[in-house]
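Just below is one structure, and these are the notes that go with it.
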Amino acid sequence: MFLIVLLQGVVLVSFGQIFLGVDYLRQPLAIFLMVAALALWIASLGLAIGVLVKGEEQVLIWSMLAMFLFSALGGCWFPLESTGGAFAWIGHLMPSAWAMDGFQNIVIRGLGFSSVLLPAVILAGYALAFFGLALWRFDKND
């Protein structure tokens with residue numbers, strides 16, 4: 001699953017670079033680190049959802065719920081900078097906010113490689129937490 005999500009990220013970044021003129025490749029290693037960290041978190045979230053739910057119908061419901069929750073609160077629909085301090089603070093409890101920060105640091109803010117290290121580490125931490133939850137719950141299902 002990680003490789004599929006990673007490949008999707010690479011395709012999306014390539015499309016943005018080639019057809020939309022987004023300068024992702026100004027810092028290619030930083031962008032690849034963010035795509036890899038994001039793919040790791042998403043794959044771990046998917047694994048946790050798959051282990052926690054009962055039946056295929058619930059997978060769809062919980063996946064949609066996670067998508068809406070993480071994207072809306074994490075600043076994927078609108079910049080957290082345009083919200084009040086409390087909403088931005090709550091938004092940064094979402095891993096998606098850190099993904100947005102990492103990509104924005106490169107593409108919008110023009111920062112260097114070091115600006116994605118904290119967001120990538122935080123995404124990896126969330127990935128580890130979801131993976132740990134999936135392992136713990138998988139063990140309980142036996």
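Residues are named by chain letter and number: chains run A, B, ... in the order of the structure tokens, numbers start at 1 in each chain, and ligands are numbered from 1 in the order shown.
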
* Asked: Could you name the residues that touch segment 101-106 of chain A at 9 Å or less, counting only C-alpha atoms, but leaving out those on the same chain fewer than 5 positions away, as a PyMOL selection string?
  -> chain A and resi 23-24+26-27+30-31+34-35+96+111-113+115-120

* For Val121 of chain A, work out the shell of residues within 12 Å, counting only C-alpha atoms and skipping chain neighbours fewer than 5 positions away, then give it as an MDAnalysis selection string. => chainID A and resid 33:34 36:38 40:41 95 98:99 102 114:116 126:128

* Residue neighbourhood Leu25 of chain A, 9 Å, only C-alpha atoms, exclusion window fewer than 3 positions, as number ranges by chain -> A: 13-14, 17, 22, 28-31, 107

* To do: In Å, rounded to a single decimal, give me how far atom CA of Ala43 of chain A is from atom CA of Val59 of chain A.
  =>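 Computed distance, atom CA of Val59 of chain A to atom CA of Ala43 of chain A, equals 13.7 Å.
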
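In this structure, atom CA of Gly84 of chain A sits 14.6 Å away from atom CA of Ala72 of chain A.
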
* **Pick from A:Phe19, A:Phe32, A:Phe131, A:Phe70 nearest to Leu7 of chain A, counting only C-alpha atoms** =>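 Smallest separation from Leu7 of chain A among the options: A:Phe32.
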
Near-segment 67-69 of chain A list (12 Å; only C-alpha atoms; drop same-chain fewer than 2 positions) as an mmCIF file with N, CA and C atoms, in the first residue's frame:
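Writing the result to result.cif gives the following:
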data_model
loop_
_atom_site.group_PDB
_atom_site.id
_atom_site.type_symbol
_atom_site.label_atom_id
_atom_site.label_comp_id
_atom_site.auth_asym_id
_atom_site.auth_seq_id
_atom_site.Cartn_x
_atom_site.Cartn_y
_atom_site.Cartn_z
ATOM 1 N N ILE A 42 -0.440 7.823 5.290
ATOM 2 C CA ILE A 42 -1.702 7.392 4.676
ATOM 3 C C ILE A 42 -1.807 5.872 4.655
ATOM 4 N N LEU A 45 -2.567 4.752 8.172
ATOM 5 C CA LEU A 45 -3.962 5.061 8.486
ATOM 6 C C LEU A 45 -4.887 4.039 7.828
ATOM 7 N N GLY A 46 -4.636 3.734 6.572
ATOM 8 C CA GLY A 46 -5.448 2.739 5.875
ATOM 9 C C GLY A 46 -5.367 1.373 6.533
ATOM 10 N N ILE A 49 -7.459 1.524 9.733
ATOM 11 C CA ILE A 49 -8.890 1.461 9.416
ATOM 12 C C ILE A 49 -9.275 0.040 9.032
ATOM 13 N N VAL A 59 -15.353 0.145 5.962
ATOM 14 C CA VAL A 59 -14.089 0.686 5.449
ATOM 15 C C VAL A 59 -14.348 1.967 4.672
ATOM 16 N N LEU A 60 -15.345 1.945 3.810
ATOM 17 C CA LEU A 60 -15.688 3.120 3.017
ATOM 18 C C LEU A 60 -16.123 4.280 3.912
ATOM 19 N N ILE A 61 -16.985 3.998 4.862
ATOM 20 C CA ILE A 61 -17.494 5.050 5.755
ATOM 21 C C ILE A 61 -16.359 5.667 6.566
ATOM 22 N N TRP A 62 -15.538 4.833 7.191
ATOM 23 C CA TRP A 62 -14.458 5.357 8.027
ATOM 24 C C TRP A 62 -13.368 6.041 7.205
ATOM 25 N N SER A 63 -13.144 5.556 5.993
ATOM 26 C CA SER A 63 -12.163 6.217 5.126
ATOM 27 C C SER A 63 -12.643 7.605 4.713
ATOM 28 N N MET A 64 -13.915 7.704 4.366
ATOM 29 C CA MET A 64 -14.480 9.013 4.010
ATOM 30 C C MET A 64 -14.463 9.958 5.216
ATOM 31 N N LEU A 65 -14.828 9.452 6.369
ATOM 32 C CA LEU A 65 -14.811 10.262 7.587
ATOM 33 C C LEU A 65 -13.404 10.779 7.870
ATOM 34 N N SER A 71 -8.694 16.457 6.129
ATOM 35 C CA SER A 71 -8.518 17.510 5.129
ATOM 36 C C SER A 71 -9.128 18.832 5.573
ATOM 37 N N ALA A 72 -10.308 18.798 6.177
ATOM 38 C CA ALA A 72 -10.959 20.046 6.599
ATOM 39 C C ALA A 72 -10.223 20.693 7.765
ATOM 40 N N LEU A 73 -9.941 19.926 8.796
ATOM 41 C CA LEU A 73 -9.293 20.512 9.968
ATOM 42 C C LEU A 73 -7.802 20.755 9.763
ATOM 43 N N GLY A 74 -7.198 20.031 8.834
ATOM 44 C CA GLY A 74 -5.760 20.141 8.626
ATOM 45 C C GLY A 74 -5.320 21.197 7.646
ATOM 46 N N GLY A 75 -6.241 21.976 7.111
ATOM 47 C CA GLY A 75 -5.859 23.076 6.238
ATOM 48 C C GLY A 75 -5.741 22.715 4.775
ATOM 49 N N CYS A 76 -6.329 21.618 4.357
ATOM 50 C CA CYS A 76 -6.283 21.243 2.937
ATOM 51 C C CYS A 76 -7.355 21.958 2.130
ATOM 52 N N TRP A 77 -8.397 22.415 2.784
ATOM 53 C CA TRP A 77 -9.484 23.124 2.082
ATOM 54 C C TRP A 77 -9.258 24.630 2.088
ATOM 55 N N ILE A 90 -5.664 23.815 16.743
ATOM 56 C CA ILE A 90 -6.390 22.542 16.649
ATOM 57 C C ILE A 90 -6.055 21.852 15.324
ATOM 58 N N GLY A 91 -5.991 22.621 14.254
ATOM 59 C CA GLY A 91 -5.654 22.056 12.953
ATOM 60 C C GLY A 91 -4.304 21.362 12.954
ATOM 61 N N LEU A 93 -3.104 19.643 15.180
ATOM 62 C CA LEU A 93 -3.185 18.326 15.809
ATOM 63 C C LEU A 93 -3.413 17.256 14.738
ATOM 64 N N MET A 94 -3.737 17.689 13.530
ATOM 65 C CA MET A 94 -3.970 16.781 12.402
ATOM 66 C C MET A 94 -2.672 16.592 11.618
ATOM 67 N N PRO A 95 -2.354 15.363 11.229
ATOM 68 C CA PRO A 95 -1.142 15.158 10.432
ATOM 69 C C PRO A 95 -1.193 15.861 9.080
ATOM 70 N N SER A 96 -2.384 16.040 8.548
ATOM 71 C CA SER A 96 -2.514 16.708 7.248
ATOM 72 C C SER A 96 -2.010 18.147 7.299
ATOM 73 N N ALA A 97 -2.140 18.806 8.442
ATOM 74 C CA ALA A 97 -1.637 20.177 8.577
ATOM 75 C C ALA A 97 -0.120 20.203 8.433
#

* When DSSP works through the backbone of this structure, what residues of chain A end up as helix (DSSP H, G or I), shown as a ChimeraX atom specification? -> /A:2-19,24-26,28-52,56-73,80-82,85-91,95-107,113-141

Taking C-alpha atoms for each residue, export the selection above as a short mmCIF file (atom, residue, chain, number, x, y, z; two decimals), in the first residue's frame.
data_model
loop_
_atom_site.label_atom_id
_atom_site.label_comp_id
_atom_site.auth_asym_id
_atom_site.auth_seq_id
_atom_site.Cartn_x
_atom_site.Cartn_y
_atom_site.Cartn_z
CA PHE A 2 2.86 2.35 0.81
CA LEU A 3 4.33 1.92 -2.67
CA ILE A 4 0.97 2.57 -4.34
CA VAL A 5 0.42 5.77 -2.35
CA LEU A 6 4.04 6.83 -2.97
CA LEU A 7 3.60 6.30 -6.70
CA GLN A 8 0.35 8.31 -6.65
CA GLY A 9 2.19 11.15 -4.92
CA VAL A 10 4.98 11.07 -7.49
CA VAL A 11 2.41 11.13 -10.32
CA LEU A 12 0.56 14.09 -8.75
CA VAL A 13 3.77 16.05 -8.18
CA SER A 14 4.89 15.30 -11.76
CA PHE A 15 1.54 16.41 -13.14
CA GLY A 16 1.68 19.64 -11.11
CA GLN A 17 5.24 20.32 -12.22
CA ILE A 18 4.72 19.57 -15.92
CA PHE A 19 1.17 20.69 -16.65
CA TYR A 24 7.92 21.32 -6.94
CA LEU A 25 11.32 20.43 -8.29
CA ARG A 26 13.01 23.52 -6.92
CA PRO A 28 13.33 17.70 -5.32
CA LEU A 29 14.71 15.84 -2.29
CA ALA A 30 12.54 17.85 0.08
CA ILE A 31 9.45 17.18 -2.00
CA PHE A 32 10.28 13.47 -2.23
CA LEU A 33 10.75 13.33 1.56
CA MET A 34 7.34 14.94 2.06
CA VAL A 35 5.68 12.61 -0.47
CA ALA A 36 7.28 9.59 1.24
CA ALA A 37 6.29 10.74 4.74
CA LEU A 38 2.76 11.46 3.56
CA ALA A 39 2.54 8.04 1.87
CA LEU A 40 3.76 6.35 5.04
CA TRP A 41 1.12 8.10 7.15
CA ILE A 42 -1.70 7.39 4.68
CA ALA A 43 -0.74 3.72 4.31
CA SER A 44 -0.60 3.35 8.10
CA LEU A 45 -3.96 5.06 8.49
CA GLY A 46 -5.45 2.74 5.88
CA LEU A 47 -4.02 -0.28 7.67
CA ALA A 48 -5.49 0.90 10.98
CA ILE A 49 -8.89 1.46 9.42
CA GLY A 50 -8.76 -1.96 7.78
CA VAL A 51 -7.99 -3.67 11.07
CA LEU A 52 -10.43 -1.69 13.22
CA GLU A 56 -16.18 -3.61 3.65
CA GLU A 57 -19.04 -1.14 4.09
CA GLN A 58 -17.43 0.28 7.21
CA VAL A 59 -14.09 0.69 5.45
CA LEU A 60 -15.69 3.12 3.02
CA ILE A 61 -17.49 5.05 5.75
CA TRP A 62 -14.46 5.36 8.03
CA SER A 63 -12.16 6.22 5.13
CA MET A 64 -14.48 9.01 4.01
CA LEU A 65 -14.81 10.26 7.59
CA ALA A 66 -11.02 10.32 8.00
CA MET A 67 -10.59 12.09 4.66
CA PHE A 68 -13.08 14.82 5.52
CA LEU A 69 -11.83 15.25 9.09
CA PHE A 70 -8.13 15.38 8.25
CA SER A 71 -8.52 17.51 5.13
CA ALA A 72 -10.96 20.05 6.60
CA LEU A 73 -9.29 20.51 9.97
CA LEU A 80 -4.82 27.57 8.46
CA GLU A 81 -3.05 30.94 8.43
CA SER A 82 -6.37 32.54 7.49
CA GLY A 85 -5.22 31.07 16.44
CA ALA A 86 -7.35 28.45 18.18
CA PHE A 87 -8.46 26.82 14.92
CA ALA A 88 -4.90 26.83 13.58
CA TRP A 89 -3.69 25.22 16.82
CA ILE A 90 -6.39 22.54 16.65
CA GLY A 91 -5.65 22.06 12.95
CA PRO A 95 -1.14 15.16 10.43
CA SER A 96 -2.51 16.71 7.25
CA ALA A 97 -1.64 20.18 8.58
CA TRP A 98 1.98 19.14 8.87
CA ALA A 99 1.93 17.73 5.34
CA MET A 100 0.53 21.03 4.09
CA ASP A 101 3.20 22.94 6.02
CA GLY A 102 5.98 20.87 4.46
CA PHE A 103 4.73 21.32 0.90
CA GLN A 104 3.98 25.01 1.43
CA ASN A 105 7.45 25.59 2.90
CA ILE A 106 8.95 24.54 -0.42
CA VAL A 107 6.41 25.63 -3.02
CA PHE A 113 15.33 21.24 2.60
CA SER A 114 15.60 21.74 6.36
CA SER A 115 12.12 23.31 6.41
CA VAL A 116 10.49 19.92 5.71
CA LEU A 117 12.34 17.94 8.37
CA LEU A 118 9.97 18.74 11.25
CA PRO A 119 6.80 18.13 9.20
CA ALA A 120 8.24 14.86 7.84
CA VAL A 121 9.22 13.64 11.31
CA ILE A 122 5.78 14.51 12.68
CA LEU A 123 4.10 12.64 9.80
CA ALA A 124 6.36 9.66 10.49
CA GLY A 125 5.31 9.84 14.15
CA TYR A 126 1.64 9.74 13.19
CA ALA A 127 2.39 6.84 10.83
CA LEU A 128 4.08 4.97 13.65
CA ALA A 129 1.12 5.63 15.95
CA PHE A 130 -1.43 4.36 13.41
CA PHE A 131 0.78 1.38 12.56
CA GLY A 132 1.15 0.59 16.26
CA LEU A 133 -2.61 0.81 16.72
CA ALA A 134 -3.13 -1.54 13.77
CA LEU A 135 -0.60 -4.04 15.14
CA TRP A 136 -2.11 -3.91 18.61
CA ARG A 137 -5.64 -4.34 17.29
CA PHE A 138 -4.59 -7.01 14.80
CA ASP A 139 -3.09 -8.99 17.66
CA LYS A 140 -6.42 -8.69 19.56
CA ASN A 141 -8.37 -10.01 16.53
#
